[in-house]
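Asker: First, the structure itself, so that you have it in front of you.
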2 protein chains.
Amino acid sequence: MVTLDLSTIRAAHERITPFIRRTAILTNPLLDSDFGARFFFKCENLQVGGAFKARGAHNAIFSLSDDEVAHGVVTQSSGNHATAVALAASRRGVPAKIVMPSNTPKVKCDNVRNFGGEIIFCEPTLAAREATAAQVVAAKGGTLIHPYNDARVIAGQGTVALELLQEVPDLDVLLVPVSGGGLLGGCVIAAKSLRPEIQVMGVEPEQADDAFRSFRAGERLLDGRRDTIADGLRGSLGELNWSIIRDRVDDIVTVTERGIVDSMRVLWENLKLVVEPSGAVAFTAAREGKIAFSGKKIGVVISGGNVDLDRLPWQ
Amino acid sequence: MVTLDLSTIRAAHERITPFIRRTAILTNPLLDSDFGARFFFKCENLQVGGAFKARGAHNAIFSLSDDEVAHGVVTQSSGNHATAVALAASRRGVPAKIVMPSNTPKVKCDNVRNFGGEIIFCEPTLAAREATAAQVVAAKGGTLIHPYNDARVIAGQGTVALELLQEVPDLDVLLVPVSGGGLLGGCVIAAKSLRPEIQVMGVEPEQADDAFRSFRAGERLLDGRRDTIADGLRGSLGELNWSIIRDRVDDIVTVTERGIVDSMRVLWENLKLVVEPSGAVAFTAAREGKIAFSGKKIGVVISGGNVDLDRLPWQ
């Protein structure tokens, strides 16, 4: 059993610092005045590869022994984790085999190939992705880097909250999008360790609400819809992730599709940032009044900015 | 005659620091590797009001005596300077009257009104703008804050290069978009004072190339086309600005409309930043091979990010 605590996350931060960016934390007086709150946007869209995923992937791959990477690494992902693993593997100097659904947008495939990753296509279901990744490992060797159900990945993602709390130590609330739960799991450990009184909330699209329903039911539910515009949040809650979230997160709230698109546009217009739909989900919890924000200092994780500029949702 | 030197710009920086953002300087390994150069993007699209204009406007308005602002301030602008003056005036607690062309996009009018500015519309020509602003001053009093032909404004804009050189002191080249010449004038003074050997280049759209032609002719030419997509660069070179640029800038180059749109998109996709067409002009000089960039450290000023998301140029 891998330990996951603040010291693991600090160690991860030290390990990945040469490879990732300490991303900007932006504030916006106009938004603050509209809400009567103070927002601190942690801009992981400005991260290497355009998403927080670089953190977990680098921590996982640079944690492995030379023996463990002798046959390279394998993962399955439709998006940002795929790019992150390809990049981290290329920096470690080992091959990466990436299982991707056959309907992955070309731009995301190009990103993986740009970093030297080898793509293996599979049917576009979560089951096919997991099965194909297992087959690749069995047939060709290589160490599997799961996109979220992996303590090293979770520790890496937790460095987002570590950096945010280092710069804004008195946050009242932290809003984190949730899909597989790597980002939320790592962030809640870091945030609650550094500031026990902080409220950490997971935010999920109504149309992909397995974490929300799991939290309400007290057990991990994997069924349900996944037809949200937030394409980074269509995964389902990992087992390790669930145990962390269940025990430590204050609440999980859901937001509408319309709200996600509106928030995305508000962020583009006000912060001048290209934010993908998943990256706008956390802020939507405040915009839709799903949290009590008045007078509070609120950390908001903008998880990524990889979006097809030819297909913007307000067009 | 107002002195304009490094100490003026340092004083401006100290004056405006409480009101403006020290904007991020982003780098991008993928772009660097494509070009065989190192780019340092100074992100004034992340500035208050979405453009560098906040710097000059705050320096000008906070330089004025209480007597000078007793009747408020007046300016003329179709865009970012208008917003910046409205904001700076509201912070000084004085009224701002802003002359704007009748065809100004609603979003830019809204920005001015959001900061409490009073708009006076005029015919959409530079002559009408200048004449109407003079009439407003004559009829109602108030101190005119010219958008670029003003030493206090130029000193404020020069703080862009001051900050960039403070963080990246060994730049080889600095690329700055040029319209009225406030940004380029201030930046060349700051940059050459801090690093005499730096090459400072103005970059202009081919379709609004009065600075380019003036530089070639050795005299200020104000005629010519202004039908560029870079709506922030349709002004014409100020007199004071021209004298600085003529004497200190190394060269002025022009870029194509197609190149500006392509660069804008490259910046959106790679830096995850919302950049307006004018903000992409400086980088276009490298992308179109108008400067020798190989192996160099190149500062690129991204001047602003105010763009109508419903009318993106690649749609």
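Every chain in the structure tokens takes a letter, A first, then B, and so on in the order presented; its residues are numbered from 1, and the ligands are numbered from 1 following the presented order.
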What are the residues of chain A lining chain B at 6 Å or less? Count only C-alpha atoms, and put the answer as number ranges by chain.

Answerer: A: 272-274

Asker: What lies within 9 Å of segment 226-229 of chain A using only C-alpha atoms, ignoring chain neighbours under 4 positions off, as a tab-separated table (two decimals) with N, CA and C atoms, in the first residue's frame?

Answerer:
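The resulting file, part-v3.tsv, is shown below:
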```
chain	number	residue	atom	x	y	z
A	205	PRO	N	-20.05	17.56	-14.01
A	205	PRO	CA	-21.20	17.86	-14.87
A	205	PRO	C	-22.41	17.01	-14.44
A	206	GLU	N	-23.59	17.59	-14.44
A	206	GLU	CA	-24.83	16.83	-14.18
A	206	GLU	C	-24.90	15.59	-15.06
A	207	GLN	N	-24.40	15.73	-16.29
A	207	GLN	CA	-24.53	14.65	-17.25
A	207	GLN	C	-23.40	13.62	-17.19
A	208	ALA	N	-22.58	13.71	-16.16
A	208	ALA	CA	-21.55	12.68	-15.91
A	208	ALA	C	-21.28	12.72	-14.42
A	209	ASP	N	-22.30	12.33	-13.65
A	209	ASP	CA	-22.33	12.63	-12.21
A	209	ASP	C	-22.09	11.41	-11.32
A	210	ASP	N	-21.23	10.48	-11.76
A	210	ASP	CA	-21.02	9.29	-10.95
A	210	ASP	C	-20.38	9.59	-9.59
A	233	LEU	N	-14.02	14.95	-18.52
A	233	LEU	CA	-14.67	14.46	-17.29
A	233	LEU	C	-15.63	13.31	-17.57
A	234	ARG	N	-15.32	12.54	-18.61
A	234	ARG	CA	-16.19	11.42	-18.95
A	234	ARG	C	-15.71	10.10	-18.35
A	235	GLY	N	-14.58	10.14	-17.63
A	235	GLY	CA	-14.07	8.92	-17.00
A	235	GLY	C	-14.93	8.54	-15.80
A	236	SER	N	-14.63	7.41	-15.18
A	236	SER	CA	-15.38	7.06	-13.97
A	236	SER	C	-14.41	6.92	-12.80
A	257	GLU	N	-24.83	21.72	-18.35
A	257	GLU	CA	-24.06	21.87	-19.60
A	257	GLU	C	-24.03	23.33	-20.04
A	260	ILE	N	-21.64	25.29	-17.96
A	260	ILE	CA	-20.23	25.04	-18.29
A	260	ILE	C	-19.80	25.90	-19.48
A	261	VAL	N	-20.65	25.92	-20.51
A	261	VAL	CA	-20.33	26.70	-21.72
A	261	VAL	C	-20.28	28.19	-21.39
A	277	PRO	N	-13.81	22.94	-21.89
A	277	PRO	CA	-15.03	22.82	-21.09
A	277	PRO	C	-14.76	22.25	-19.69
A	278	SER	N	-13.98	21.19	-19.60
A	278	SER	CA	-13.69	20.61	-18.28
A	278	SER	C	-13.03	21.63	-17.36
A	313	PRO	N	-18.09	25.88	-28.50
A	313	PRO	CA	-19.47	25.50	-28.18
A	313	PRO	C	-20.48	26.63	-28.30
```

Asker: Record the distance separating atom CA of Pro169 of chain A and atom CA of Gly299 of chain A, expressed in Å with one decimal.

Answerer: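 Atom-to-atom, atom CA of Pro169 of chain A to atom CA of Gly299 of chain A, that is 10.3 Å.
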
Asker: Quick one: DSSP strand (DSSP E) residues in segment 53-272 of chain A, as a compact mmCIF listing (two decimals) with C-alpha atoms, in the first residue's frame?

Answerer:
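part.txt, written as the output of this step:
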```txt
# COMPACT_ATOMS: atom_id res chain seq x y z
CA VAL A 73 5.38 2.67 -20.29
CA VAL A 74 1.80 2.02 -21.36
CA THR A 75 -1.36 3.95 -20.72
CA GLN A 76 -4.89 4.46 -22.00
CA ALA A 96 5.38 5.14 -24.54
CA LYS A 97 2.52 3.09 -25.94
CA ILE A 98 -0.78 4.90 -25.69
CA VAL A 99 -4.14 3.19 -26.14
CA MET A 100 -6.64 5.73 -27.47
CA PRO A 101 -10.27 5.39 -28.56
CA GLU A 118 3.04 5.24 -30.23
CA ILE A 119 -0.75 5.08 -30.53
CA ILE A 120 -2.79 1.87 -30.40
CA PHE A 121 -6.42 2.53 -31.28
CA CYS A 122 -9.32 0.69 -29.63
CA THR A 143 4.71 -0.50 -16.99
CA LEU A 144 1.10 0.63 -16.93
CA VAL A 173 -12.88 27.02 -0.39
CA LEU A 174 -11.21 24.98 -3.12
CA LEU A 175 -13.20 23.96 -6.21
CA VAL A 176 -11.83 21.03 -8.22
CA PRO A 177 -13.36 19.24 -11.21
CA GLN A 199 -13.69 23.35 2.35
CA VAL A 200 -12.77 21.17 -0.63
CA MET A 201 -15.56 20.62 -3.14
CA GLY A 202 -15.60 18.36 -6.16
CA VAL A 203 -17.52 19.68 -9.16
CA GLU A 204 -18.97 17.43 -11.82
CA PRO A 205 -21.20 17.86 -14.87
CA ASP A 251 -19.05 17.76 -0.82
CA ILE A 252 -19.54 17.15 -4.52
CA VAL A 253 -21.87 19.36 -6.54
CA THR A 254 -23.03 19.21 -10.14
CA VAL A 255 -23.35 21.86 -12.83
```

Asker: Once DSSP has gone over the backbone, tell me which residues of segment 120-211 of chain A are in helix (DSSP H, G or I), as number ranges by chain.

Answerer: A: 126-140, 151-167, 182-194, 206-208, 210-211

Asker: Neighbouring residues of Asn59 of chain B were defined as those with any atom within 9 Å, considering only C-alpha atoms; residues of the same chain fewer than 3 positions away were excluded. Please report them as a list in words.

Answerer: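 What passes the distance filter is Ala12, His13, Arg15, Ile16, Ala54, Arg55, Gly56, Phe62, Ser63, Leu64, Ala88, Arg152, Val153, Ala155, Gly156 and Gln157 of chain B.
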
Asker: Mind giving me the straight-line distance from atom CA of Asp262 of chain B to atom CA of Leu31 of chain B in Å, one decimal?

Answerer: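 Computed distance, atom CA of Asp262 of chain B to atom CA of Leu31 of chain B, equals 13.8 Å.
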